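Trainee: Structure supplied as upload.csv; contents: CSV, C-alpha atoms.
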chain,number,residue,atom,x,y,z
A,1171,MET,CA,41.8,-92.4,-26.2
A,1172,SER,CA,40.9,-88.7,-26.6
A,1173,ALA,CA,38.1,-87.6,-28.9
A,1174,ASN,CA,40.8,-87.1,-31.5
A,1175,GLY,CA,42.7,-90.4,-31.0
A,1176,SER,CA,45.9,-90.7,-28.9
A,1177,PHE,CA,47.4,-87.5,-30.2
A,1178,VAL,CA,46.2,-83.9,-29.8
A,1179,ARG,CA,47.8,-81.0,-31.6
A,1180,ALA,CA,47.5,-77.7,-29.9
A,1181,ALA,CA,47.3,-76.0,-33.3
A,1182,ASP,CA,44.1,-77.8,-34.0
A,1183,VAL,CA,42.3,-76.9,-30.8
A,1184,ALA,CA,40.2,-73.7,-30.3
A,1185,TRP,CA,40.5,-71.4,-27.3
A,1186,ASP,CA,37.7,-70.6,-25.0
A,1187,ILE,CA,37.6,-67.2,-23.3
A,1188,THR,CA,36.7,-68.0,-19.7
A,1189,GLY,CA,37.3,-64.6,-18.0
A,1190,ASP,CA,38.9,-61.3,-18.2
A,1191,GLY,CA,42.4,-62.0,-19.3
A,1192,VAL,CA,41.9,-65.8,-19.1
A,1193,ARG,CA,41.6,-68.3,-22.0
A,1194,ARG,CA,41.7,-72.0,-22.0
A,1195,GLN,CA,42.4,-74.8,-24.5
A,1196,VAL,CA,41.0,-78.3,-23.8
A,1197,LEU,CA,43.8,-80.5,-25.0
A,1198,GLY,CA,41.8,-83.6,-25.3
A,1199,HIS,CA,41.3,-86.4,-22.8
A,1200,GLY,CA,41.8,-90.1,-22.2
A,1201,THR,CA,39.4,-92.4,-20.4
A,1202,GLU,CA,40.2,-90.9,-17.0
A,1203,LEU,CA,42.5,-87.9,-17.6
A,1204,MET,CA,42.0,-84.5,-19.2
A,1205,ILE,CA,44.7,-81.8,-19.9
A,1206,VAL,CA,43.7,-78.2,-20.2
A,1207,ARG,CA,46.1,-75.3,-20.9
A,1208,VAL,CA,45.0,-72.0,-19.3
A,1209,GLU,CA,46.7,-68.7,-20.2
A,1210,PHE,CA,46.5,-65.6,-18.0
A,1211,VAL,CA,47.5,-62.0,-18.6
A,1212,ALA,CA,49.2,-60.3,-15.7
A,1213,GLY,CA,46.7,-59.6,-12.9
A,1214,ALA,CA,44.1,-62.0,-14.2
A,1215,VAL,CA,42.3,-64.2,-11.7
A,1216,GLY,CA,41.0,-67.7,-11.6
A,1217,ALA,CA,38.4,-67.2,-8.9
A,1218,LEU,CA,38.2,-69.5,-5.9
A,1219,HIS,CA,36.0,-72.5,-6.8
A,1220,HIS,CA,35.7,-76.2,-6.2
A,1221,HIS,CA,34.6,-79.3,-8.0
A,1222,PRO,CA,34.5,-83.0,-7.3
A,1223,HIS,CA,37.3,-83.7,-9.9
A,1224,ARG,CA,40.7,-84.1,-8.5
A,1225,GLN,CA,43.1,-81.6,-10.0
A,1226,ALA,CA,46.9,-81.4,-10.5
A,1227,THR,CA,48.4,-78.2,-12.0
A,1228,TYR,CA,51.8,-77.6,-13.5
A,1229,VAL,CA,53.0,-74.0,-13.9
A,1230,ALA,CA,54.2,-73.8,-17.5
A,1231,ASP,CA,55.1,-70.1,-17.5
A,1232,GLY,CA,55.0,-67.1,-15.2
A,1233,ARG,CA,54.4,-66.7,-11.5
A,1234,PHE,CA,51.1,-67.2,-9.7
A,1235,ASP,CA,49.6,-66.6,-6.3
A,1236,VAL,CA,47.9,-69.9,-5.7
A,1237,THR,CA,45.4,-70.7,-3.0
A,1238,VAL,CA,44.4,-74.3,-2.1
A,1239,GLY,CA,42.2,-74.8,0.9
A,1240,ASP,CA,43.4,-72.3,3.5
A,1241,GLU,CA,47.0,-72.0,2.2
A,1242,THR,CA,48.3,-69.5,-0.3
A,1243,SER,CA,51.7,-69.6,-1.9
A,1244,VAL,CA,53.6,-68.2,-4.8
A,1245,LEU,CA,54.5,-70.7,-7.5
A,1246,VAL,CA,56.7,-70.3,-10.5
A,1247,ALA,CA,57.3,-72.1,-13.8
A,1248,GLY,CA,58.1,-75.8,-13.0
A,1249,ASP,CA,56.1,-75.9,-9.8
A,1250,CYS,CA,52.9,-77.8,-9.2
A,1251,PHE,CA,49.8,-77.8,-7.0
A,1252,TYR,CA,47.2,-80.4,-6.1
A,1253,ALA,CA,43.5,-80.0,-5.2
A,1254,SER,CA,41.5,-82.9,-3.7
A,1255,ALA,CA,37.9,-83.5,-4.5
A,1256,ASP,CA,35.8,-80.4,-3.7
A,1257,GLU,CA,38.8,-78.6,-2.2
A,1258,VAL,CA,38.6,-74.8,-2.8
A,1259,HIS,CA,41.4,-73.4,-5.0
A,1260,GLY,CA,42.1,-70.3,-7.1
A,1261,VAL,CA,45.0,-68.4,-8.7
A,1262,LYS,CA,46.1,-64.9,-9.5
A,1263,ALA,CA,48.6,-64.3,-12.2
A,1264,LEU,CA,51.5,-62.1,-11.0
A,1265,GLU,CA,52.7,-61.8,-14.5
A,1266,ASP,CA,51.6,-63.2,-17.9
A,1267,GLY,CA,51.7,-67.0,-17.6
A,1268,ALA,CA,50.2,-70.4,-18.3
A,1269,LEU,CA,49.0,-73.3,-16.3
A,1270,ILE,CA,48.6,-76.9,-17.3
A,1271,ASP,CA,45.5,-78.2,-15.5
A,1272,VAL,CA,45.0,-82.0,-15.3
A,1273,PHE,CA,41.7,-83.5,-14.1
A,1274,THR,CA,40.5,-86.9,-13.1
A,1275,PRO,CA,37.8,-87.8,-13.9
A,1276,VAL,CA,37.4,-85.9,-17.1
A,1277,ARG,CA,35.6,-82.6,-16.8
A,1278,LYS,CA,32.6,-83.3,-19.0
A,1279,ASP,CA,31.4,-79.7,-18.4
A,1280,PHE,CA,34.4,-78.5,-20.4
A,1281,LEU,CA,33.3,-80.6,-23.3
A,1282,MET,CA,29.8,-79.2,-23.3
A,1283,PRO,CA,30.3,-75.4,-23.1
A,1284,GLY,CA,26.6,-74.7,-23.5
A,1285,LEU,CA,26.0,-76.3,-20.1
A,1286,TRP,CA,28.3,-74.2,-17.9
B,6,MET,CA,47.5,-83.7,-1.0
B,7,SER,CA,51.0,-84.5,-2.1
B,8,ALA,CA,53.7,-85.8,0.2
B,9,ASN,CA,54.7,-82.1,0.6
B,10,GLY,CA,51.3,-80.6,1.0
B,11,SER,CA,49.3,-78.9,-1.7
B,12,PHE,CA,52.3,-77.1,-3.2
B,13,VAL,CA,55.4,-78.6,-4.8
B,14,ARG,CA,58.4,-76.4,-5.7
B,15,ALA,CA,60.5,-77.8,-8.5
B,16,ALA,CA,63.6,-76.3,-6.9
B,17,ASP,CA,63.1,-78.6,-3.9
B,18,VAL,CA,62.8,-81.8,-5.9
B,19,ALA,CA,65.7,-84.0,-6.9
B,20,TRP,CA,66.2,-85.4,-10.4
B,21,ASP,CA,66.4,-89.2,-11.1
B,22,ILE,CA,68.6,-90.2,-14.0
B,23,THR,CA,66.5,-92.8,-15.8
B,24,GLY,CA,68.4,-93.4,-19.0
B,25,ASP,CA,71.0,-92.1,-21.4
B,26,GLY,CA,70.1,-88.5,-21.8
B,27,VAL,CA,66.9,-88.8,-19.8
B,28,ARG,CA,66.2,-87.5,-16.3
B,29,ARG,CA,62.9,-87.1,-14.4
B,30,GLN,CA,61.6,-85.1,-11.5
B,31,VAL,CA,58.6,-86.5,-9.6
B,32,LEU,CA,56.6,-83.3,-8.9
B,33,GLY,CA,54.5,-84.7,-6.1
B,34,HIS,CA,51.1,-86.3,-6.3
B,35,GLY,CA,47.6,-86.0,-5.0
B,36,THR,CA,45.3,-88.8,-4.0
B,37,GLU,CA,44.9,-89.9,-7.6
B,38,LEU,CA,47.2,-87.8,-9.8
B,39,MET,CA,50.9,-87.6,-10.1
B,40,ILE,CA,52.9,-85.1,-12.2
B,41,VAL,CA,56.4,-86.0,-13.5
B,42,ARG,CA,58.7,-83.8,-15.6
B,43,VAL,CA,61.0,-85.8,-17.9
B,44,GLU,CA,63.8,-84.0,-19.8
B,45,PHE,CA,65.5,-85.5,-22.8
B,46,VAL,CA,68.6,-84.5,-24.7
B,47,ALA,CA,68.3,-84.7,-28.5
B,48,GLY,CA,68.2,-88.3,-29.7
B,49,ALA,CA,67.4,-89.7,-26.3
B,50,VAL,CA,64.7,-92.4,-26.2
B,51,GLY,CA,61.9,-93.4,-23.8
B,52,ALA,CA,61.7,-97.0,-24.8
B,53,LEU,CA,58.4,-98.6,-25.7
B,54,HIS,CA,56.7,-99.8,-22.4
B,55,HIS,CA,53.4,-100.1,-20.8
B,56,HIS,CA,51.8,-100.0,-17.4
B,57,PRO,CA,48.3,-100.2,-15.9
B,58,HIS,CA,48.3,-96.5,-15.0
B,59,ARG,CA,46.5,-94.2,-17.4
B,60,GLN,CA,48.9,-91.6,-18.8
B,61,ALA,CA,48.4,-88.1,-20.3
B,62,THR,CA,51.5,-86.2,-21.5
B,63,TYR,CA,52.0,-82.6,-22.3
B,64,VAL,CA,54.9,-81.6,-24.5
B,65,ALA,CA,56.5,-78.7,-22.6
B,66,ASP,CA,59.5,-78.1,-24.9
B,67,GLY,CA,61.0,-79.6,-28.0
B,68,ARG,CA,59.8,-82.0,-30.6
B,69,PHE,CA,59.2,-85.7,-30.1
B,70,ASP,CA,58.5,-88.8,-32.2
B,71,VAL,CA,55.7,-90.4,-30.1
B,72,THR,CA,54.3,-93.9,-30.5
B,73,VAL,CA,51.1,-94.9,-28.8
B,74,GLY,CA,49.8,-98.4,-29.7
B,75,ASP,CA,50.4,-98.8,-33.4
B,76,GLU,CA,50.5,-95.1,-34.3
B,77,THR,CA,53.5,-92.8,-34.4
B,78,SER,CA,53.4,-89.1,-34.8
B,79,VAL,CA,55.6,-86.0,-34.3
B,80,LEU,CA,54.4,-83.8,-31.5
B,81,VAL,CA,55.7,-80.3,-30.6
B,82,ALA,CA,55.5,-78.0,-27.6
B,83,GLY,CA,51.9,-77.5,-26.6
B,84,ASP,CA,50.7,-80.9,-27.9
B,85,CYS,CA,49.5,-83.9,-25.9
B,86,PHE,CA,49.2,-87.6,-26.0
B,87,TYR,CA,47.1,-90.2,-24.1
B,88,ALA,CA,47.9,-93.8,-23.3
B,89,SER,CA,45.2,-96.1,-21.9
B,90,ALA,CA,45.8,-98.8,-19.3
B,91,ASP,CA,48.5,-101.1,-20.5
B,92,GLU,CA,48.7,-99.4,-23.9
B,93,VAL,CA,52.3,-99.5,-25.3
B,94,HIS,CA,53.9,-96.1,-25.7
B,95,GLY,CA,57.3,-94.6,-26.2
B,96,VAL,CA,59.1,-91.4,-27.4
B,97,LYS,CA,62.3,-90.3,-29.1
B,98,ALA,CA,63.5,-86.7,-28.7
B,99,LEU,CA,64.1,-85.1,-32.0
B,100,GLU,CA,65.8,-82.1,-30.2
B,101,ASP,CA,66.4,-81.3,-26.5
B,102,GLY,CA,63.0,-81.2,-24.9
B,103,ALA,CA,60.8,-81.9,-21.9
B,104,LEU,CA,57.5,-83.8,-21.3
B,105,ILE,CA,55.0,-83.4,-18.4
B,106,ASP,CA,53.7,-86.9,-17.7
B,107,VAL,CA,50.6,-87.3,-15.6
B,108,PHE,CA,49.4,-90.6,-14.2
B,109,THR,CA,46.3,-91.9,-12.6
B,110,PRO,CA,46.5,-93.8,-10.3
B,111,VAL,CA,49.8,-92.5,-8.8
B,112,ARG,CA,52.9,-94.5,-9.9
B,113,LYS,CA,54.0,-95.8,-6.5
B,114,ASP,CA,57.0,-97.4,-8.3
B,115,PHE,CA,58.3,-93.8,-8.9
B,116,LEU,CA,58.1,-93.2,-5.1
B,117,MET,CA,60.1,-96.3,-4.2
B,118,PRO,CA,63.2,-96.1,-6.5
B,119,GLY,CA,64.7,-99.2,-4.9
B,120,LEU,CA,61.9,-101.3,-6.3
B,121,TRP,CA,62.2,-100.6,-10.0
Before anything else, please render the file you have as structure tokens.
Mentor:
Amino acid sequence: MSANGSFVRAADVAWDITGDGVRRQVLGHGTELMIVRVEFVAGAVGALHHHPHRQATYVADGRFDVTVGDETSVLVAGDCFYASADEVHGVKALEDGALIDVFTPVRKDFLMPGLW
Amino acid sequence: MSANGSFVRAADVAWDITGDGVRRQVLGHGTELMIVRVEFVAGAVGALHHHPHRQATYVADGRFDVTVGDETSVLVAGDCFYASADEVHGVKALEDGALIDVFTPVRKDFLMPGLW
């Protein structure tokens, strides 16, 4: 169950500004899964980073240069990428777009914004 | 890593017809996460079912009547729902639409279509 029960309405969820041209909406979580929508304006960057959480990402809109480990590829709406525990990954938006990031376990750091 | 490496291109992935007006595209998987796009025509149903895998679903397009456990709610594009292990869930498409289903652990039954 998420903090809000089984259902999460995007209209009820605030956005966090996380960078220049980047904002995210934490769309709740279950016991082991969390969904986050991240929107980018053209040219915005999600810098290379890593974390112990496993990540799967669905490209909802737009076109992104995506780096995972030592590979970089262009992904478009409908495509996905996967990052293992502590695998370095990052994106650059080639046009306005949105990613659906999914994590296991839940990213508790996203639930306690004062701590990151 | 997915079966295809870190990157999965939707254009390379076949669709499985899974019901009347329902088709799905298994968009790869990591070690613990799998993403599946499921498209519905208006009126199509994902019957109530359950499985031990935890599921999180993002509504990519359309409007759905969603049941999780004993609750039913209408979700629209951008909304999410969560189903715990073995929690009964199902959907009815109120218009043409698409869901992004995410599972942990990976649904191996979706990788071996002969077995389901």
Trainee: Quick one: superpose chain A onto chain B using all C-alpha atoms paired in order, least squares, and give it to me as a CSV table (one decimal) with C-alpha atoms, in the coordinates of the input.
Mentor:
chain,number,residue,atom,x,y,z
A,1171,MET,CA,47.5,-83.7,-0.9
A,1172,SER,CA,51.0,-84.5,-2.1
A,1173,ALA,CA,53.7,-85.8,0.2
A,1174,ASN,CA,54.7,-82.2,0.6
A,1175,GLY,CA,51.2,-80.6,1.0
A,1176,SER,CA,49.3,-78.9,-1.8
A,1177,PHE,CA,52.3,-77.2,-3.2
A,1178,VAL,CA,55.4,-78.6,-4.8
A,1179,ARG,CA,58.4,-76.5,-5.7
A,1180,ALA,CA,60.5,-77.8,-8.5
A,1181,ALA,CA,63.6,-76.3,-6.9
A,1182,ASP,CA,63.1,-78.6,-3.9
A,1183,VAL,CA,62.8,-81.8,-5.9
A,1184,ALA,CA,65.7,-84.1,-6.9
A,1185,TRP,CA,66.2,-85.5,-10.4
A,1186,ASP,CA,66.5,-89.1,-11.1
A,1187,ILE,CA,68.6,-90.3,-14.1
A,1188,THR,CA,66.4,-92.8,-15.8
A,1189,GLY,CA,68.4,-93.4,-19.1
A,1190,ASP,CA,71.0,-92.1,-21.4
A,1191,GLY,CA,70.1,-88.5,-21.8
A,1192,VAL,CA,66.9,-88.8,-19.8
A,1193,ARG,CA,66.2,-87.5,-16.3
A,1194,ARG,CA,63.0,-87.2,-14.4
A,1195,GLN,CA,61.6,-85.1,-11.5
A,1196,VAL,CA,58.6,-86.5,-9.6
A,1197,LEU,CA,56.6,-83.3,-8.9
A,1198,GLY,CA,54.6,-84.7,-6.1
A,1199,HIS,CA,51.1,-86.3,-6.2
A,1200,GLY,CA,47.6,-85.9,-5.0
A,1201,THR,CA,45.3,-88.8,-4.0
A,1202,GLU,CA,44.8,-89.9,-7.6
A,1203,LEU,CA,47.1,-87.8,-9.8
A,1204,MET,CA,50.9,-87.6,-10.1
A,1205,ILE,CA,52.9,-85.1,-12.3
A,1206,VAL,CA,56.4,-86.0,-13.5
A,1207,ARG,CA,58.7,-83.8,-15.6
A,1208,VAL,CA,61.0,-85.7,-17.9
A,1209,GLU,CA,63.8,-84.0,-19.8
A,1210,PHE,CA,65.5,-85.5,-22.8
A,1211,VAL,CA,68.6,-84.5,-24.7
A,1212,ALA,CA,68.4,-84.7,-28.5
A,1213,GLY,CA,68.2,-88.3,-29.7
A,1214,ALA,CA,67.3,-89.7,-26.3
A,1215,VAL,CA,64.7,-92.4,-26.1
A,1216,GLY,CA,61.9,-93.4,-23.8
A,1217,ALA,CA,61.7,-97.0,-24.8
A,1218,LEU,CA,58.4,-98.6,-25.6
A,1219,HIS,CA,56.7,-99.8,-22.4
A,1220,HIS,CA,53.3,-100.2,-20.8
A,1221,HIS,CA,51.8,-100.0,-17.4
A,1222,PRO,CA,48.3,-100.2,-16.0
A,1223,HIS,CA,48.3,-96.5,-15.0
A,1224,ARG,CA,46.5,-94.3,-17.4
A,1225,GLN,CA,48.8,-91.6,-18.8
A,1226,ALA,CA,48.4,-88.1,-20.3
A,1227,THR,CA,51.5,-86.2,-21.6
A,1228,TYR,CA,52.0,-82.6,-22.4
A,1229,VAL,CA,55.0,-81.5,-24.5
A,1230,ALA,CA,56.5,-78.7,-22.6
A,1231,ASP,CA,59.5,-78.1,-24.9
A,1232,GLY,CA,61.0,-79.6,-28.1
A,1233,ARG,CA,59.8,-82.0,-30.6
A,1234,PHE,CA,59.2,-85.7,-30.1
A,1235,ASP,CA,58.5,-88.8,-32.2
A,1236,VAL,CA,55.8,-90.4,-30.1
A,1237,THR,CA,54.4,-93.9,-30.5
A,1238,VAL,CA,51.1,-95.0,-28.8
A,1239,GLY,CA,49.8,-98.4,-29.7
A,1240,ASP,CA,50.4,-98.8,-33.4
A,1241,GLU,CA,50.5,-95.1,-34.3
A,1242,THR,CA,53.5,-92.8,-34.4
A,1243,SER,CA,53.4,-89.1,-34.8
A,1244,VAL,CA,55.5,-86.1,-34.3
A,1245,LEU,CA,54.4,-83.7,-31.5
A,1246,VAL,CA,55.7,-80.3,-30.6
A,1247,ALA,CA,55.6,-78.0,-27.6
A,1248,GLY,CA,51.8,-77.5,-26.6
A,1249,ASP,CA,50.7,-80.9,-27.9
A,1250,CYS,CA,49.5,-83.8,-25.9
A,1251,PHE,CA,49.2,-87.6,-26.0
A,1252,TYR,CA,47.1,-90.2,-24.1
A,1253,ALA,CA,47.9,-93.8,-23.2
A,1254,SER,CA,45.1,-96.1,-21.9
A,1255,ALA,CA,45.8,-98.8,-19.3
A,1256,ASP,CA,48.6,-101.1,-20.5
A,1257,GLU,CA,48.7,-99.5,-23.9
A,1258,VAL,CA,52.3,-99.5,-25.3
A,1259,HIS,CA,53.9,-96.1,-25.8
A,1260,GLY,CA,57.4,-94.6,-26.2
A,1261,VAL,CA,59.1,-91.4,-27.4
A,1262,LYS,CA,62.2,-90.2,-29.1
A,1263,ALA,CA,63.4,-86.7,-28.7
A,1264,LEU,CA,64.1,-85.0,-32.0
A,1265,GLU,CA,65.7,-82.2,-30.2
A,1266,ASP,CA,66.4,-81.3,-26.5
A,1267,GLY,CA,63.0,-81.2,-24.8
A,1268,ALA,CA,60.7,-81.9,-21.9
A,1269,LEU,CA,57.6,-83.8,-21.3
A,1270,ILE,CA,55.0,-83.4,-18.5
A,1271,ASP,CA,53.8,-86.9,-17.7
A,1272,VAL,CA,50.6,-87.2,-15.6
A,1273,PHE,CA,49.4,-90.6,-14.2
A,1274,THR,CA,46.3,-91.9,-12.6
A,1275,PRO,CA,46.6,-93.8,-10.3
A,1276,VAL,CA,49.8,-92.6,-8.8
A,1277,ARG,CA,52.8,-94.4,-9.9
A,1278,LYS,CA,53.9,-95.8,-6.5
A,1279,ASP,CA,57.0,-97.4,-8.2
A,1280,PHE,CA,58.3,-93.8,-8.8
A,1281,LEU,CA,58.1,-93.2,-5.1
A,1282,MET,CA,60.1,-96.2,-4.2
A,1283,PRO,CA,63.1,-96.1,-6.6
A,1284,GLY,CA,64.8,-99.1,-4.9
A,1285,LEU,CA,61.9,-101.3,-6.2
A,1286,TRP,CA,62.2,-100.6,-10.0
Trainee: Please determine, counting only C-alpha atoms, which residue among A:Cys1250, A:Val1258, A:Leu1281, A:Ala1226 has the shortest atom-to-atom distance to Val18 in chain B.
Mentor: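 With only C-alpha atoms as the atom set, the closest residue is A:Cys1250.
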Trainee: Grab the CA of Asp106 in chain B to CA of Asp1279 in chain A distance for me, in Å with one decimal place.
Mentor: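 That distance, rounded to one decimal, is 23.4 Å.
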Trainee: Separation of CA of Arg28 in chain B and CA of Glu44 in chain B, in Å?
Mentor: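 That distance, rounded to one decimal, is 5.5 Å.
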Trainee: Using only C-alpha atoms, what does the table of chain A residues within 7 Å of chain B look like, with each row giving the shortest atom pair and its distance in Å to one decimal, sorted by chain and ascending number, as a tab-separated table?
Mentor:
residue	atom	partner	partner_atom	distance
A:Met1171	CA	B:Tyr87	CA	6.1
A:Ser1172	CA	B:Tyr87	CA	6.9
A:Ser1176	CA	B:Tyr87	CA	5.0
A:Phe1177	CA	B:Phe86	CA	4.6
A:Val1178	CA	B:Cys85	CA	5.1
A:Arg1179	CA	B:Asp84	CA	4.7
A:Ala1180	CA	B:Asp84	CA	4.9
A:Leu1197	CA	B:Cys85	CA	6.7
A:Gly1200	CA	B:Tyr87	CA	5.6
A:Leu1203	CA	B:Ala61	CA	6.5
A:Ala1226	CA	B:Leu38	CA	6.4
A:Val1238	CA	B:Ser11	CA	6.7
A:Gly1248	CA	B:Ala15	CA	5.5
A:Asp1249	CA	B:Arg14	CA	4.7
A:Cys1250	CA	B:Val13	CA	5.1
A:Phe1251	CA	B:Phe12	CA	4.6
A:Tyr1252	CA	B:Ser11	CA	5.1
A:Ala1253	CA	B:Ser11	CA	6.9
A:Ser1254	CA	B:Met6	CA	6.6
Trainee: Could you write those residues out with C-alpha atoms, as a CSV table (one decimal), keeping the file's coordinate frame?
Mentor:
chain,number,residue,atom,x,y,z
A,1171,MET,CA,41.8,-92.4,-26.2
A,1172,SER,CA,40.9,-88.7,-26.6
A,1176,SER,CA,45.9,-90.7,-28.9
A,1177,PHE,CA,47.4,-87.5,-30.2
A,1178,VAL,CA,46.2,-83.9,-29.8
A,1179,ARG,CA,47.8,-81.0,-31.6
A,1180,ALA,CA,47.5,-77.7,-29.9
A,1197,LEU,CA,43.8,-80.5,-25.0
A,1200,GLY,CA,41.8,-90.1,-22.2
A,1203,LEU,CA,42.5,-87.9,-17.6
A,1226,ALA,CA,46.9,-81.4,-10.5
A,1238,VAL,CA,44.4,-74.3,-2.1
A,1248,GLY,CA,58.1,-75.8,-13.0
A,1249,ASP,CA,56.1,-75.9,-9.8
A,1250,CYS,CA,52.9,-77.8,-9.2
A,1251,PHE,CA,49.8,-77.8,-7.0
A,1252,TYR,CA,47.2,-80.4,-6.1
A,1253,ALA,CA,43.5,-80.0,-5.2
A,1254,SER,CA,41.5,-82.9,-3.7
Trainee: So the first atom is CA of Val46 in chain B and the second is CA of Lys97 in chain B; what is the distance between them in Å, to one decimal place?
Mentor: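 Separation of CA of Val46 in chain B and CA of Lys97 in chain B: 9.6 Å.
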Trainee: Which neighbours of Ala47 in chain B fall inside 8 Å, counting all atoms listed in the file, when residues of the same chain fewer than 2 positions from it are skipped, and could you give them as an MDAnalysis selection string?
Mentor: chainID B and resid 26 45 49 98:102
